[in-house]
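Dropping protein28.cif in here (mmCIF, C-alpha atoms):
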data_structure
loop_
_atom_site.label_atom_id
_atom_site.label_comp_id
_atom_site.auth_asym_id
_atom_site.auth_seq_id
_atom_site.Cartn_x
_atom_site.Cartn_y
_atom_site.Cartn_z
CA MET A 1 1.05 -9.40 10.56
CA LYS A 2 0.02 -12.91 9.59
CA LEU A 3 -3.67 -13.76 9.49
CA ASP A 4 -4.25 -16.73 11.80
CA ILE A 5 -7.82 -18.04 11.81
CA SER A 6 -7.19 -21.04 14.04
CA ALA A 7 -9.18 -19.48 16.91
CA LEU A 8 -12.02 -18.17 14.74
CA ARG A 9 -14.26 -21.22 14.99
CA TYR A 10 -13.82 -21.52 18.76
CA LEU A 11 -15.18 -18.09 19.65
CA THR A 12 -18.58 -18.16 21.29
CA SER A 13 -21.41 -15.71 20.71
CA GLU A 14 -20.48 -13.98 23.99
CA ASP A 15 -16.90 -13.56 22.78
CA TRP A 16 -18.11 -11.92 19.57
CA ARG A 17 -20.32 -9.51 21.54
CA VAL A 18 -17.40 -8.48 23.73
CA LEU A 19 -15.12 -8.07 20.71
CA GLN A 20 -17.73 -5.90 18.99
CA ALA A 21 -18.07 -3.87 22.19
CA VAL A 22 -14.32 -3.16 22.15
CA GLU A 23 -14.59 -2.07 18.52
CA GLN A 24 -17.52 0.19 19.29
CA GLY A 25 -15.76 1.71 22.27
CA SER A 26 -12.64 2.35 20.17
CA LYS A 27 -14.50 5.07 18.28
CA ASN A 28 -14.15 7.39 21.26
CA HIS A 29 -11.42 5.75 23.35
CA GLU A 30 -7.88 4.74 22.49
CA LEU A 31 -8.10 2.42 25.49
CA VAL A 32 -11.62 1.11 26.13
CA PRO A 33 -12.38 0.84 29.90
CA THR A 34 -13.47 -2.55 31.12
CA PRO A 35 -16.77 -1.26 32.62
CA LEU A 36 -17.62 0.30 29.25
CA ILE A 37 -16.94 -3.01 27.50
CA GLN A 38 -19.37 -4.71 29.87
CA HIS A 39 -21.98 -2.01 29.27
CA LEU A 40 -21.69 -2.07 25.46
CA SER A 41 -21.73 -5.87 25.28
CA GLY A 42 -24.96 -6.03 27.30
CA GLN A 43 -23.68 -8.93 29.40
CA ARG A 44 -23.98 -8.97 33.18
CA GLN A 45 -21.76 -11.98 33.78
CA GLY A 46 -18.82 -13.63 32.09
CA VAL A 47 -17.34 -10.47 30.56
CA HIS A 48 -13.95 -10.88 32.21
CA LYS A 49 -13.80 -14.50 31.06
CA CYS A 50 -14.47 -13.43 27.46
CA ILE A 51 -11.90 -10.64 27.72
CA SER A 52 -9.31 -13.13 28.94
CA ALA A 53 -10.11 -15.51 26.06
CA LEU A 54 -9.83 -12.74 23.47
CA ALA A 55 -6.58 -11.42 24.94
CA LYS A 56 -4.98 -14.87 24.90
CA VAL A 57 -5.39 -15.15 21.11
CA GLY A 58 -4.28 -11.55 20.51
CA LEU A 59 -7.60 -10.05 19.40
CA ILE A 60 -7.45 -7.37 22.10
CA ALA A 61 -4.49 -6.12 24.12
CA LYS A 62 -3.60 -4.12 27.16
CA VAL A 63 -1.42 -1.02 27.08
CA LYS A 64 1.56 -0.89 29.43
CA ASN A 65 1.56 1.76 32.14
CA ALA A 66 -2.06 2.71 31.44
CA LYS A 67 -3.84 4.97 33.91
CA TYR A 68 -6.91 2.72 34.06
CA ASP A 69 -7.94 -0.85 33.34
CA GLY A 70 -8.86 -1.16 29.69
CA TYR A 71 -8.13 -2.83 26.37
CA ARG A 72 -7.54 -1.79 22.78
CA LEU A 73 -8.55 -3.56 19.59
CA THR A 74 -5.68 -5.09 17.60
CA TYR A 75 -5.49 -5.64 13.86
CA GLY A 76 -6.07 -9.33 14.57
CA GLY A 77 -9.35 -8.51 16.27
CA LEU A 78 -10.36 -6.27 13.38
CA ASP A 79 -9.50 -9.08 10.96
CA TYR A 80 -11.74 -11.49 12.87
CA LEU A 81 -14.65 -9.04 12.91
CA ALA A 82 -14.37 -8.53 9.16
CA LEU A 83 -14.13 -12.27 8.46
CA ASN A 84 -17.11 -12.90 10.71
CA THR A 85 -19.13 -10.49 8.56
CA HIS A 86 -17.96 -12.05 5.30
CA ARG A 87 -18.83 -15.58 6.43
CA LYS A 88 -22.42 -14.63 7.28
CA PRO A 89 -25.09 -14.80 4.54
CA GLN A 90 -25.20 -11.51 2.66
CA PRO A 91 -27.97 -10.36 0.29
CA SER A 92 -26.87 -10.13 -3.34
CA PRO A 93 -28.70 -8.89 -6.44
CA ASN A 94 -27.40 -11.90 -8.42
CA GLN A 95 -28.64 -14.52 -5.91
CA THR A 96 -32.15 -15.39 -4.80
CA THR A 97 -31.03 -16.52 -1.34
CA PRO A 98 -28.36 -14.81 0.78
CA GLN A 99 -24.97 -16.52 0.63
CA PRO A 100 -21.74 -15.94 2.58
CA THR A 101 -19.14 -13.93 0.71
CA ILE A 102 -16.28 -16.11 1.92
CA TYR A 103 -16.43 -19.81 2.79
CA SER A 104 -12.73 -20.66 3.13
CA LEU A 105 -9.42 -18.82 3.42
CA GLY A 106 -6.29 -19.82 1.54
CA ASN A 107 -2.66 -18.81 1.43
CA GLN A 108 -1.22 -15.33 1.35
CA ILE A 109 -0.43 -14.41 -2.25
CA GLY A 110 0.81 -10.84 -1.87
CA VAL A 111 2.29 -8.30 0.53
CA GLY A 112 2.07 -4.58 -0.11
CA LYS A 113 3.19 -1.39 1.56
CA GLU A 114 -0.20 -0.94 3.14
CA SER A 115 -2.07 -4.22 2.60
CA ASP A 116 -1.99 -8.02 2.74
CA ILE A 117 -3.53 -10.17 -0.01
CA TYR A 118 -5.05 -13.64 0.53
CA ILE A 119 -6.75 -16.10 -1.78
CA THR A 120 -10.23 -17.14 -0.68
CA ALA A 121 -13.15 -19.15 -2.01
CA SER A 122 -16.90 -18.64 -2.02
CA PRO A 123 -19.47 -21.33 -1.14
CA THR A 124 -19.71 -22.08 -4.89
CA ASN A 125 -15.93 -22.69 -5.13
CA ARG A 126 -15.34 -19.41 -6.93
CA GLN A 127 -11.83 -18.14 -6.23
CA LEU A 128 -11.75 -14.65 -4.74
CA VAL A 129 -9.15 -12.29 -3.34
CA LEU A 130 -9.28 -10.85 0.18
CA LYS A 131 -7.38 -7.57 0.58
CA LEU A 132 -6.72 -6.35 4.12
CA HIS A 133 -5.68 -2.71 4.35
CA ARG A 134 -3.02 -2.03 6.99
CA LEU A 135 -2.25 1.66 6.79
CA GLY A 136 0.53 2.83 9.05
CA ARG A 137 2.78 -0.17 8.58
CA ILE A 138 5.33 1.63 6.40
CA SER A 139 4.65 5.19 7.49
CA PHE A 140 5.38 4.10 11.07
CA ARG A 141 9.03 4.30 10.05
CA THR A 142 8.67 8.08 9.61
CA VAL A 143 6.79 8.89 12.79
CA LYS A 144 8.45 12.28 13.22
CA ALA A 145 7.22 13.45 9.80
CA ASN A 146 3.65 12.27 10.33
CA ARG A 147 3.11 12.61 14.08
CA ASP A 148 1.90 16.23 13.94
CA TYR A 149 -0.74 15.24 11.43
CA LEU A 150 -1.89 12.37 13.62
CA ARG A 151 -2.18 14.55 16.70
CA ASN A 152 -4.31 17.10 14.92
CA ARG A 153 -6.94 14.51 14.07
CA SER A 154 -9.83 14.29 16.49
CA THR A 155 -10.42 10.64 15.64
CA GLY A 156 -8.18 8.09 15.55
CA SER A 157 -5.96 5.33 14.69
CA TRP A 158 -4.54 3.63 11.66
CA MET A 159 -7.51 1.27 11.74
CA TYR A 160 -9.82 4.19 11.06
CA LEU A 161 -7.76 5.18 8.02
CA SER A 162 -7.62 1.55 6.87
CA ARG A 163 -11.41 1.43 6.97
CA LEU A 164 -11.63 4.62 4.90
CA ALA A 165 -9.16 3.22 2.37
CA ALA A 166 -11.12 -0.01 1.96
CA GLN A 167 -14.41 1.84 1.65
CA LYS A 168 -12.99 4.18 -0.98
CA GLU A 169 -11.36 1.39 -2.98
CA PHE A 170 -14.56 -0.66 -3.05
CA ALA A 171 -16.60 2.36 -4.19
CA VAL A 172 -14.14 3.19 -6.99
CA MET A 173 -13.88 -0.41 -8.18
CA LYS A 174 -17.66 -0.80 -8.18
CA VAL A 175 -18.09 2.24 -10.44
CA LEU A 176 -15.20 1.34 -12.75
CA TRP A 177 -16.46 -2.24 -13.12
CA ARG A 178 -19.91 -0.92 -13.99
CA GLU A 179 -18.42 1.38 -16.65
CA GLY A 180 -16.46 -1.41 -18.32
CA PHE A 181 -12.92 -0.61 -17.15
CA PRO A 182 -10.44 -3.52 -16.86
CA VAL A 183 -10.56 -3.93 -13.07
CA PRO A 184 -11.37 -6.93 -10.85
CA GLU A 185 -15.04 -7.32 -10.02
CA PRO A 186 -15.71 -6.08 -6.46
CA VAL A 187 -17.65 -8.65 -4.44
CA GLY A 188 -17.85 -7.36 -0.88
CA TRP A 189 -16.53 -4.90 1.68
CA SER A 190 -16.37 -4.93 5.47
CA ARG A 191 -14.35 -2.66 7.74
CA HIS A 192 -10.76 -2.64 6.40
CA THR A 193 -11.21 -5.53 3.94
CA VAL A 194 -12.25 -5.74 0.30
CA VAL A 195 -13.25 -8.98 -1.45
CA MET A 196 -12.78 -8.97 -5.20
CA GLU A 197 -12.53 -11.27 -8.19
CA PHE A 198 -9.41 -13.41 -8.54
CA ILE A 199 -7.59 -12.61 -11.78
CA ASP A 200 -5.47 -15.47 -13.16
CA SER A 201 -2.58 -13.29 -14.26
CA PHE A 202 0.91 -12.03 -13.52
CA PRO A 203 1.98 -8.60 -12.24
CA LEU A 204 3.74 -6.61 -14.93
CA ARG A 205 6.89 -6.53 -12.79
CA MET A 206 7.17 -10.33 -13.13
CA VAL A 207 6.90 -10.33 -16.92
CA GLU A 208 10.33 -10.62 -18.54
CA SER A 209 9.26 -10.14 -22.17
CA VAL A 210 6.16 -9.57 -24.29
CA PRO A 211 5.65 -10.25 -28.01
CA GLU A 212 4.59 -6.68 -28.84
CA PRO A 213 5.73 -4.19 -26.19
CA GLY A 214 4.57 -1.24 -28.28
CA LYS A 215 1.00 -2.50 -28.37
CA LEU A 216 0.92 -3.11 -24.61
CA TYR A 217 2.48 0.31 -24.00
CA GLY A 218 -0.21 1.97 -26.10
CA GLU A 219 -3.00 0.17 -24.24
CA LEU A 220 -1.63 1.31 -20.87
CA MET A 221 -1.36 4.92 -22.01
CA GLU A 222 -4.89 4.71 -23.38
CA LEU A 223 -6.08 3.51 -19.97
CA ILE A 224 -4.51 6.53 -18.28
CA VAL A 225 -6.30 8.81 -20.73
CA ARG A 226 -9.61 6.96 -20.27
CA PHE A 227 -9.40 7.44 -16.53
CA ALA A 228 -8.71 11.16 -16.99
CA GLN A 229 -11.59 11.61 -19.41
CA ARG A 230 -13.92 10.26 -16.76
CA GLY A 231 -12.49 12.61 -14.14
CA LEU A 232 -10.12 10.17 -12.35
CA ILE A 233 -6.36 9.77 -12.00
CA HIS A 234 -5.04 6.51 -10.62
CA GLY A 235 -2.11 8.10 -8.78
CA ASP A 236 -0.04 4.89 -8.50
CA PHE A 237 -0.09 3.50 -12.05
CA ASN A 238 3.03 1.34 -12.25
CA GLU A 239 4.27 -2.21 -12.81
CA PHE A 240 3.19 -3.32 -9.34
CA ASN A 241 -0.47 -2.35 -9.82
CA ILE A 242 -0.89 -3.63 -13.38
CA LEU A 243 -1.79 -7.29 -13.97
CA ILE A 244 -1.27 -8.96 -17.34
CA ARG A 245 -3.86 -11.59 -18.23
CA GLU A 246 -3.14 -14.05 -21.01
CA THR A 247 -5.93 -15.46 -23.18
CA THR A 248 -5.49 -17.89 -26.07
CA ASP A 249 -7.87 -18.16 -29.00
CA GLU A 250 -8.94 -21.81 -29.36
CA ASN A 251 -9.35 -21.54 -33.13
CA THR A 252 -6.27 -19.56 -34.18
CA GLY A 253 -4.06 -20.16 -31.15
CA LYS A 254 -3.25 -16.45 -30.98
CA VAL A 255 -2.22 -15.18 -27.56
CA THR A 256 -3.75 -11.90 -26.34
CA LEU A 257 -2.40 -9.90 -23.43
CA THR A 258 -4.94 -7.83 -21.49
CA PRO A 259 -3.89 -5.36 -18.76
CA VAL A 260 -5.94 -5.23 -15.55
CA VAL A 261 -5.53 -2.35 -13.07
CA ILE A 262 -5.67 -2.79 -9.28
CA ASP A 263 -5.14 -0.68 -6.11
CA PHE A 264 -7.41 2.37 -6.00
CA PRO A 265 -7.31 3.97 -2.51
CA GLN A 266 -5.16 6.85 -3.76
CA VAL A 267 -7.35 7.78 -6.76
CA VAL A 268 -7.73 11.55 -7.16
CA SER A 269 -9.95 13.79 -9.25
CA THR A 270 -8.77 15.71 -12.30
CA ASN A 271 -9.81 18.83 -10.36
CA HIS A 272 -7.24 18.07 -7.67
CA VAL A 273 -4.68 20.81 -7.10
CA ASN A 274 -1.90 18.33 -7.96
CA ALA A 275 -3.77 16.48 -10.69
CA ARG A 276 -1.25 17.36 -13.39
CA MET A 277 1.62 16.06 -11.27
CA TYR A 278 -0.15 12.75 -10.55
CA PHE A 279 -1.06 12.32 -14.24
CA ASP A 280 2.49 12.99 -15.44
CA ARG A 281 3.88 10.68 -12.76
CA ASP A 282 1.64 7.80 -13.92
CA VAL A 283 2.79 8.33 -17.50
CA GLU A 284 6.44 8.55 -16.52
CA CYS A 285 6.26 5.37 -14.41
CA VAL A 286 5.06 3.32 -17.37
CA ARG A 287 7.49 4.98 -19.79
CA ARG A 288 10.49 4.45 -17.52
CA TYR A 289 9.61 0.82 -16.82
CA PHE A 290 9.22 -0.09 -20.51
CA GLU A 291 12.57 1.52 -21.30
CA ARG A 292 14.29 -0.39 -18.50
CA ARG A 293 12.64 -3.82 -18.79
CA PHE A 294 11.58 -4.21 -22.43
CA LYS A 295 14.07 -1.76 -24.00
CA TYR A 296 11.16 -0.02 -25.69
CA THR A 297 11.01 3.73 -26.24
CA SER A 298 7.93 5.35 -27.74
CA ASP A 299 8.40 7.67 -30.71
CA GLU A 300 5.49 9.85 -29.61
CA ALA A 301 5.55 12.19 -26.65
CA GLY A 302 2.73 12.27 -24.17
CA PRO A 303 -0.03 11.75 -23.39
CA PHE A 304 -0.44 15.16 -21.77
CA PHE A 305 -2.85 16.18 -19.05
CA ASP A 306 -4.42 19.13 -20.91
CA GLU A 307 -5.14 17.04 -24.01
CA ALA A 308 -6.55 14.15 -21.94
CA VAL A 309 -9.16 16.27 -20.13
CA LYS A 310 -9.91 18.66 -23.00
CA GLY A 311 -12.76 16.70 -24.57
CA ALA A 312 -14.14 15.18 -21.36
CA ASP A 313 -17.92 15.12 -20.97
CA PRO A 314 -18.89 16.76 -17.64
CA GLU A 315 -22.00 14.58 -17.36
CA ARG A 316 -19.93 11.37 -17.50
CA ARG A 317 -17.49 12.28 -14.75
CA LEU A 318 -17.03 9.64 -12.08
CA ASP A 319 -15.00 11.61 -9.54
CA VAL A 320 -18.11 13.21 -8.05
CA GLU A 321 -19.89 9.86 -7.72
CA VAL A 322 -17.00 8.18 -5.90
CA GLN A 323 -16.05 11.37 -4.03
CA ALA A 324 -12.47 11.25 -5.30
CA SER A 325 -9.95 13.49 -3.62
CA GLY A 326 -9.98 16.98 -5.08
CA TYR A 327 -13.46 17.03 -6.62
CA GLY A 328 -14.53 19.55 -3.97
CA LYS A 329 -13.11 21.66 -1.21
CA LYS A 330 -13.61 18.99 1.43
CA VAL A 331 -10.40 17.13 2.36
CA SER A 332 -10.85 13.83 4.16
CA GLU A 333 -8.53 12.19 6.66
CA LEU A 334 -7.49 9.62 4.06
CA ASP A 335 -6.62 12.34 1.55
CA ARG A 336 -4.27 13.96 4.03
CA TYR A 337 -2.65 10.60 4.69
CA VAL A 338 -2.09 10.01 0.96
CA GLU A 339 -0.58 13.47 0.59
CA VAL A 340 1.90 12.84 3.44
CA VAL A 341 2.75 9.16 2.92
CA GLY A 342 1.60 7.98 -0.49
CA GLY A 343 3.37 10.42 -2.75
CA ASP A 344 6.39 8.28 -3.56
CA GLY A 345 5.01 6.53 -6.61
CA GLU A 346 5.94 3.08 -5.35
CA GLY A 347 3.75 0.09 -5.96
CA GLU A 348 1.63 -1.94 -3.64
CA GLY A 349 3.91 -4.96 -3.77
CA GLU A 350 7.21 -3.09 -3.57
CA ALA A 351 7.64 -2.94 0.19
CA LEU A 352 8.00 -5.88 2.53
CA GLU A 353 5.92 -6.62 5.57
CA GLU A 354 6.93 -4.98 8.84
CA GLU A 355 7.58 -7.25 11.82
CA ASP A 356 6.92 -4.53 14.38
CA ASP A 357 3.89 -5.78 16.30
CA ASP A 358 3.12 -2.35 17.71
CA ALA A 359 2.96 -0.79 14.27
CA GLU A 360 0.89 -3.61 12.80
CA ASP A 361 -1.59 -3.82 15.64
CA GLY A 362 -2.41 -0.15 15.63
CA GLY A 363 -0.02 0.45 18.51
CA GLU A 364 0.87 4.00 17.64
CA GLU A 365 -0.57 5.09 21.01
CA LEU A 366 2.37 3.42 22.71
CA GLU A 367 5.05 5.25 20.75
CA ASP A 368 4.83 8.58 22.57
CA ASP A 369 5.40 6.93 25.94
CA ARG A 370 8.75 5.44 25.00
CA PRO A 371 11.96 7.14 26.10
CA GLU A 372 14.05 8.94 23.51
CA GLN A 373 16.76 6.30 23.45
CA ASP A 374 14.17 3.70 22.37
CA LYS A 375 13.12 5.82 19.40
CA GLU A 376 16.52 5.71 17.73
CA ALA A 377 17.64 3.38 14.97
CA PRO A 378 17.02 -0.35 15.47
CA ASP A 379 19.79 -2.45 16.94
CA GLU A 380 22.04 -4.84 15.01
CA GLU A 381 19.95 -7.92 15.79
CA GLU A 382 16.83 -6.36 14.28
CA GLU A 383 18.79 -5.30 11.18
CA VAL A 384 20.19 -8.81 10.71
CA GLN A 385 16.72 -10.29 11.15
CA GLN A 386 15.28 -7.88 8.59
CA GLN A 387 18.08 -8.73 6.11
CA ASP A 388 17.34 -12.45 6.49
CA GLU A 389 13.64 -11.82 5.87
CA ASP A 390 14.44 -9.68 2.81
CA ALA A 391 16.63 -12.43 1.38
CA ALA A 392 13.88 -15.01 1.94
CA VAL A 393 11.28 -12.89 0.18
CA GLU A 394 13.65 -12.17 -2.72
CA ALA A 395 14.21 -15.90 -3.13
CA ARG A 396 10.44 -16.45 -3.28
CA LEU A 397 10.06 -13.73 -5.90
CA ASP A 398 12.89 -15.19 -8.00
CA ALA A 399 11.14 -18.55 -7.94
CA LEU A 400 8.03 -16.90 -9.35
CA ALA A 401 9.85 -15.26 -12.27
CA VAL A 402 8.28 -15.86 -15.68
CA GLN A 403 10.61 -17.81 -17.96
CA ASP A 404 8.36 -18.57 -20.90
CA ASP A 405 6.65 -15.32 -21.86
CA LEU A 406 3.64 -15.35 -19.59
CA ALA A 407 3.16 -19.10 -19.56
CA VAL A 408 0.37 -19.65 -17.06
CA LYS A 409 0.42 -22.89 -15.12
CA SER A 410 -2.88 -24.39 -14.04
CA VAL A 411 -3.37 -24.18 -10.30
CA GLY A 412 -6.04 -26.17 -8.51
CA MET A 413 -8.11 -25.15 -5.53
CA LYS A 414 -6.17 -27.50 -3.26
CA ASP A 415 -2.87 -25.78 -4.06
CA TYR A 416 -3.89 -22.64 -2.19
CA GLY A 417 -4.33 -24.34 1.19
CA PHE A 418 -7.97 -23.37 1.72
CA VAL A 419 -9.24 -23.69 5.28
CA PRO A 420 -13.02 -23.47 5.88
CA LEU A 421 -14.15 -20.71 8.21
CA GLU A 422 -17.09 -22.80 9.41
CA MET A 423 -16.77 -26.32 10.83
CA ASP A 424 -19.01 -28.61 12.81
CA LEU A 425 -17.44 -27.95 16.20
CA PRO A 426 -19.12 -27.61 19.60
CA GLN A 427 -19.82 -23.95 20.27
CA HIS A 428 -21.55 -24.20 23.62
CA PRO A 429 -19.20 -23.20 26.48
CA GLU A 430 -20.08 -26.27 28.57
CA GLU A 431 -19.33 -28.63 25.68
CA ILE A 432 -15.99 -26.94 25.00
CA ALA A 433 -15.06 -27.07 28.72
CA GLN A 434 -16.00 -30.74 28.92
CA LYS A 435 -13.85 -31.51 25.90
CA VAL A 436 -10.88 -29.68 27.41
CA ARG A 437 -11.26 -31.54 30.72
CA GLY A 438 -11.32 -34.83 28.85
CA LYS A 439 -8.06 -34.01 27.06
CA LYS A 440 -6.39 -32.98 30.30
CA LYS A 441 -7.52 -36.16 32.06
CA ALA A 442 -6.24 -38.32 29.21
CA SER A 443 -2.83 -36.62 29.34
CA GLY A 444 -2.48 -37.20 33.11
CA TRP A 445 -3.59 -33.85 34.50
CA ALA A 446 -5.02 -33.81 38.04
CA ILE A 447 -8.63 -32.59 37.86
#

For the structure just supplied, provide its representation as structure tokens.
Amino acid sequence: MKLDISALRYLTSEDWRVLQAVEQGSKNHELVPTPLIQHLSGQRQGVHKCISALAKVGLIAKVKNAKYDGYRLTYGGLDYLALNTHRKPQPSPNQTTPQPTIYSLGNQIGVGKESDIYITASPTNRQLVLKLHRLGRISFRTVKANRDYLRNRSTGSWMYLSRLAAQKEFAVMKVLWREGFPVPEPVGWSRHTVVMEFIDSFPLRMVESVPEPGKLYGELMELIVRFAQRGLIHGDFNEFNILIRETTDENTGKVTLTPVVIDFPQVVSTNHVNARMYFDRDVECVRRYFERRFKYTSDEAGPFFDEAVKGADPERRLDVEVQASGYGKKVSELDRYVEVVGGDGEGEGEALEEEDDDAEDGGEELEDDRPEQDKEAPDEEEEVQQQDEDAAVEARLDALAVQDDLAVKSVGMKDYGFVPLEMDLPQHPEEIAQKVRGKKKASGWAI
């Protein structure tokens, strides 16, 4: 789904309290009853007015044929709650006074199987990346394969898993950044979102040629081994999750290519029961891509899992600190999801965005109530629409193809379409109502 922040600045404090009440009630209810929303929000009057305002902009929604009057939180509402947290002053060890994490939101710069990527800016004009996890968007296509797993969970929706994925990714990135690994600097985390450093680079899949493919290949294999020696396996190490950053020496003019790794929700421990398979798959993904794109084949076999973990120092393991999957006997909900859905080895940017509003908005509760004939393959109109969207995205990707060996064009802040999250607008309900009445009167409405 597209992130529309046009209504963000018009929400009142009462609206935010009601929206937070729906989120809180969603922990125990798939459909939060209206009396419970009123109780959790702590408001005696005006609750129904706030509910109506939130439903009009798609932050909460009703479920058809429900047994009682209630509302569910949509992904749009979860996005607003996360952005509202990021735009509030947050304490930071590098700053004396609390500053908001995000000041303005820019254009969408990436679409993944389970996430959307946006460019943002901090109050100091530092460019950042906002990643919104949207688990369930692709796996919604295979409901029959995953529905038993979903029913066995005592909690739940895709939003819960998205929150776990964001929390895990932020924890892994924070530790890897501290240990000097080439990853973006994590800046903040809230609910299903992660804010990280913006890397001026190109994905490896968009790079048509490199001066020394053997050197880059060796660096990537060394990264896989470094992860394993610290007790971690990336699990999705391919051309979609590897960024290539270009730096030029001012004195010699020599160009250096540095790989940067992204996407860490599926990281597993070297003690995982399938650790060898994940390690070999990461190696094979890089090997196969270099043979296909750069026509480069390494003379040396490996690296191999046993050799990578043989000399690892147990005291320097990071899998226990970040609670990576497989480091102990405990299996989390997110780990089960990765086992069922994320074992295809595809990259984050490989799949296109789903246009199914029910799947995007956490509407899996509605699927069981549909008749069998509605669960069959989509009709011809939906297929034609999807083909048109695929062609449009392919055209955009072709326009971004690198023609001059990683030539990076300078992009200014204004090119990303930044929109401030905070503006000097009337927030009091009476002032907003008076402004609306004035517009209606000027346009000829009878008041």

Go through region 75-181 of chain A residue by residue and, counting all atoms listed in the file, keep those with an atom at most 6 Å from region 191-198 of chain A; for each kept residue give the shortest atom pair and its distance in Å to one decimal, ordered by chain and increasing number, as JSON lines.
{"residue": "A:Gln127", "atom": "CA", "partner": "A:Phe198", "partner_atom": "CA", "distance": 5.8}
{"residue": "A:Leu128", "atom": "CA", "partner": "A:Phe198", "partner_atom": "CA", "distance": 4.6}
{"residue": "A:Val129", "atom": "CA", "partner": "A:Met196", "partner_atom": "CA", "distance": 5.3}
{"residue": "A:Leu130", "atom": "CA", "partner": "A:Val195", "partner_atom": "CA", "distance": 4.7}
{"residue": "A:Lys131", "atom": "CA", "partner": "A:Val194", "partner_atom": "CA", "distance": 5.2}
{"residue": "A:Leu132", "atom": "CA", "partner": "A:Thr193", "partner_atom": "CA", "distance": 4.6}
{"residue": "A:His133", "atom": "CA", "partner": "A:His192", "partner_atom": "CA", "distance": 5.5}
{"residue": "A:Ser162", "atom": "CA", "partner": "A:His192", "partner_atom": "CA", "distance": 5.3}
{"residue": "A:Arg163", "atom": "CA", "partner": "A:His192", "partner_atom": "CA", "distance": 4.2}
{"residue": "A:Ala166", "atom": "CA", "partner": "A:His192", "partner_atom": "CA", "distance": 5.2}

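Note that the spacing between CA of Leu78 (chain A) and CA of Met159 (chain A) amounts to 8.2 Å.
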
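Distances to Val207 (chain A) were evaluated for A:Leu105, A:Ile60, A:Leu176, A:Leu257 using all atoms listed in the file, and the minimum falls at A:Leu257.
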
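One finds CA of Arg9 (chain A) at 19.3 Å from CA of Gly46 (chain A).
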
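Of the residues listed (A:Leu216, A:Glu291, A:Val187, A:Ile262), A:Val187 shows the shortest atom-to-atom separation from Ser92 (chain A); distances use all atoms listed in the file.
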
Name every residue that the PyMOL selection byres ((chain A and resi 48) around 12) selects in this structure, writing the answer as a PyMOL selection string with chains first and numbers rising.
chain A and resi 14-15+18-19+34-35+37-38+41+43-47+49-55+69-71

Only C-alpha atoms, please: the residues just picked out, written as a PDB file, keeping the file's coordinate frame.
ATOM      1  CA  GLU A  14     -20.480 -13.980  23.990  1.00  0.00           C
ATOM      2  CA  ASP A  15     -16.900 -13.560  22.780  1.00  0.00           C
ATOM      3  CA  VAL A  18     -17.400  -8.480  23.730  1.00  0.00           C
ATOM      4  CA  LEU A  19     -15.120  -8.070  20.710  1.00  0.00           C
ATOM      5  CA  THR A  34     -13.470  -2.550  31.120  1.00  0.00           C
ATOM      6  CA  PRO A  35     -16.770  -1.260  32.620  1.00  0.00           C
ATOM      7  CA  ILE A  37     -16.940  -3.010  27.500  1.00  0.00           C
ATOM      8  CA  GLN A  38     -19.370  -4.710  29.870  1.00  0.00           C
ATOM      9  CA  SER A  41     -21.730  -5.870  25.280  1.00  0.00           C
ATOM     10  CA  GLN A  43     -23.680  -8.930  29.400  1.00  0.00           C
ATOM     11  CA  ARG A  44     -23.980  -8.970  33.180  1.00  0.00           C
ATOM     12  CA  GLN A  45     -21.760 -11.980  33.780  1.00  0.00           C
ATOM     13  CA  GLY A  46     -18.820 -13.630  32.090  1.00  0.00           C
ATOM     14  CA  VAL A  47     -17.340 -10.470  30.560  1.00  0.00           C
ATOM     15  CA  LYS A  49     -13.800 -14.500  31.060  1.00  0.00           C
ATOM     16  CA  CYS A  50     -14.470 -13.430  27.460  1.00  0.00           C
ATOM     17  CA  ILE A  51     -11.900 -10.640  27.720  1.00  0.00           C
ATOM     18  CA  SER A  52      -9.310 -13.130  28.940  1.00  0.00           C
ATOM     19  CA  ALA A  53     -10.110 -15.510  26.060  1.00  0.00           C
ATOM     20  CA  LEU A  54      -9.830 -12.740  23.470  1.00  0.00           C
ATOM     21  CA  ALA A  55      -6.580 -11.420  24.940  1.00  0.00           C
ATOM     22  CA  ASP A  69      -7.940  -0.850  33.340  1.00  0.00           C
ATOM     23  CA  GLY A  70      -8.860  -1.160  29.690  1.00  0.00           C
ATOM     24  CA  TYR A  71      -8.130  -2.830  26.370  1.00  0.00           C
TER      25      TYR A  71
END

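CA of Asp282 (chain A) sits 15.3 Å away from CA of Glu307 (chain A).
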
Taking (1.0, -6.2, -18.4) in the file's coordinates, which residues come within 7 Å, counting only C-alpha atoms, written as an MDAnalysis selection string?
chainID A and resid 203:204 216 242:244 258:259

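Among the candidate residues A:Ile224, A:Ala301, A:Ile117, A:Ile5, the one lying nearest to Ser104 (chain A) is A:Ile5, with distances computed using all atoms listed in the file.
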